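Chemist: What follows is a single structure, and I will ask about it in a moment.
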Amino acid sequence: MRGVAILGSTGSIGTTALRVLARQEDRFRVAALTAYGNAALLRAQADRFGPSFVGLVTPNGGADDAGWCTGPACLVEAATRDDADIVLNAVVGAAGLDATLAALRAGKRVALANKETLVVAGELAHQAACAGGGEIVPVDSEHSAILQCIAGRPGQEVRRIVLTASGGPFRTWPREKLERATLADALQHPTWSMGRKITVDSATLANKALEVIEAHFLFGLPYDRIEVVVHPQSVVHSFVEFVDGSVLAQMGVPSMELPVLYALTHPERVPDAGVPPFDPVELGPLTFERVRHDAFPALRLGVEAGRAGGAAPAVFNAANECAVALFLEGRIGLLDIPRAIESALAALGGAPAGSRDALLAADAGARRHVTDRFAC
């Protein structure tokens, strides 16, 4: 029985993980649960799974008389508990950074759905893992696919990796029409059911930029060997091309339950009946398209930030988070998101980046920049 701490248990990935764990109670137990502010759902989850630790980041009275830990520090406390062997980090945004670093230093397996950790501080995460003996196993479907395709082969055998993108709800929209895109339009993802922030990121392809940077740190490949292709059906989750020309792809129905389970059990596979059987006829035909970079500049901006290194990826992530929040509030338009990112990178992309504090300062500066210049 391995103990699992779930950070962000009331979100999309967190609730998915609990569905998986409910089917695998002979192998795993829920050691800790944390949520940002949904006290009612967190209470129901705690009643169902009986964790030894429960934390609520913003209690607002929701943790009264419950004996819960409250405040942002509950994330680190949950991630470093002795009874938690695996930490599934599903916190949204840079707020998940400290918990990931702490868990790695404590020798935990981090099942990472919080890609922002590696985008903001990939080098620091690597150092923490080396210092404490922890490991990162990705939860993103694309990176899980790559991990499964590589299957322990040495990195020098990999020629390139190709991440797939659904293209989101605006895959066929001309750029001029995107200027009039509404929030309701952006939230109509064609294949995945996700939280609002990541759904908007998928609509702008900013999410794919974050995934390219994450792949760079996870698999040690330079950016010129990481590519993106649009695959509307979301059945092929990624490709790996090897030096002999062979290409492996991992396929499956569009369900996050598969990569969540694999992150918990890697490198083993265990029986599970959470998703329907794979039917290639029903799921086909499968098509692939090139990315329209003119209509979706956030992808290019993110990859350029990754290549630049230093604080640029942290600035990209923070500017995107802030701009998406403004879009969700109806204060800016969809295409203002990449405009805000580009402006923040021009102003702050070269900021100091030698430490956690420096990176968080760049993060805060990017958020101020976007708020000051773009908020209505």
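Naming scheme: A, B, ... for chains in displayed order of the structure tokens; residues 1 onward per chain; ligands 1 onward as shown.
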With only C-alpha atoms as the counted atoms, please give the residues lying no more than 9 Å from range 191-195 of chain A, apart from itself and same-chain residues fewer than 5 positions off, as a PyMOL selection string.
Modeler: chain A and resi 11-13+166+168+200+232-234+254-256
Chemist: Could you list, as a list in words, every residue within 10 Å of range 153-156 of chain A, counting only C-alpha atoms and ignoring same-chain residues fewer than 4 positions away?
Modeler: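 Everything that qualifies: Leu147, Cys149, Phe219, Gly220, Leu221, Phe242 and Val243 of chain A.
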Chemist: Taking into account only C-alpha atoms, which residue in the set A:Arg19, A:Glu289, A:Ala215, A:Glu321 is nearest to Gly122 in chain A?
Modeler: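 When distances to Gly122 in chain A are compared using only C-alpha atoms, the smallest one comes from A:Ala215.
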Chemist: For the contact check between range 56-147 of chain A and range 347-362 of chain A, emit one row per residue of range 56-147 of chain A within 10 Å, containing the shortest atom pair and the distance in Å rounded to one decimal, counting only C-alpha atoms, chain then rising number order, as a Markdown table.
Modeler:
| residue | atom | partner | partner_atom | distance |
| --- | --- | --- | --- | --- |
| A:Ala94 | CA | A:Leu360 | CA | 8.7 |
| A:Leu97 | CA | A:Arg356 | CA | 9.4 |
| A:Asp98 | CA | A:Arg356 | CA | 9.1 |
| A:Val120 | CA | A:Leu359 | CA | 7.1 |
| A:Ala121 | CA | A:Leu359 | CA | 7.4 |
| A:Glu123 | CA | A:Ser355 | CA | 9.7 |
| A:Leu124 | CA | A:Arg356 | CA | 7.5 |
Chemist: How would the residues just picked look written out with N, CA, C and O atoms as a compact mmCIF listing (two decimals), in the first residue's frame?
Modeler:
# COMPACT_ATOMS: atom_id res chain seq x y z
N ALA A 94 2.03 28.62 -10.99
CA ALA A 94 3.30 28.66 -10.27
C ALA A 94 3.14 28.42 -8.78
O ALA A 94 4.13 28.17 -8.08
N LEU A 97 4.95 25.36 -7.21
CA LEU A 97 6.40 25.20 -7.29
C LEU A 97 7.02 24.71 -5.98
O LEU A 97 7.75 23.72 -5.96
N ASP A 98 6.75 25.40 -4.87
CA ASP A 98 7.41 25.07 -3.61
C ASP A 98 7.10 23.64 -3.17
O ASP A 98 7.97 22.94 -2.64
N VAL A 120 8.80 27.21 -14.84
CA VAL A 120 9.35 28.31 -14.04
C VAL A 120 10.74 27.98 -13.52
O VAL A 120 11.63 28.83 -13.52
N ALA A 121 10.95 26.73 -13.09
CA ALA A 121 12.18 26.41 -12.37
C ALA A 121 12.65 24.99 -12.68
O ALA A 121 12.87 24.20 -11.77
N GLU A 123 15.54 23.87 -13.75
CA GLU A 123 16.86 23.56 -13.20
C GLU A 123 16.79 23.34 -11.69
O GLU A 123 17.45 22.44 -11.15
N LEU A 124 16.00 24.15 -11.00
CA LEU A 124 15.86 23.98 -9.55
C LEU A 124 15.21 22.64 -9.22
O LEU A 124 15.59 21.97 -8.24
Chemist: For Val20 in chain A, find every residue with an atom within 9 Å (counting only C-alpha atoms), except residues of its own chain fewer than 5 positions away, and show them as a list in words.
Modeler: Thr15, Glu25, Glu257, Leu258, Val260, Leu261, Asp272 and Gly274 of chain A
Chemist: How would you write, as a VMD selection string, the set of residues in range 169-308 of chain A that DSSP gives as alpha helix (DSSP H)?
Modeler: chain A and resid 175 to 178 183 to 186 196 to 204 206 to 219 257 to 265 280 to 283 297 to 308
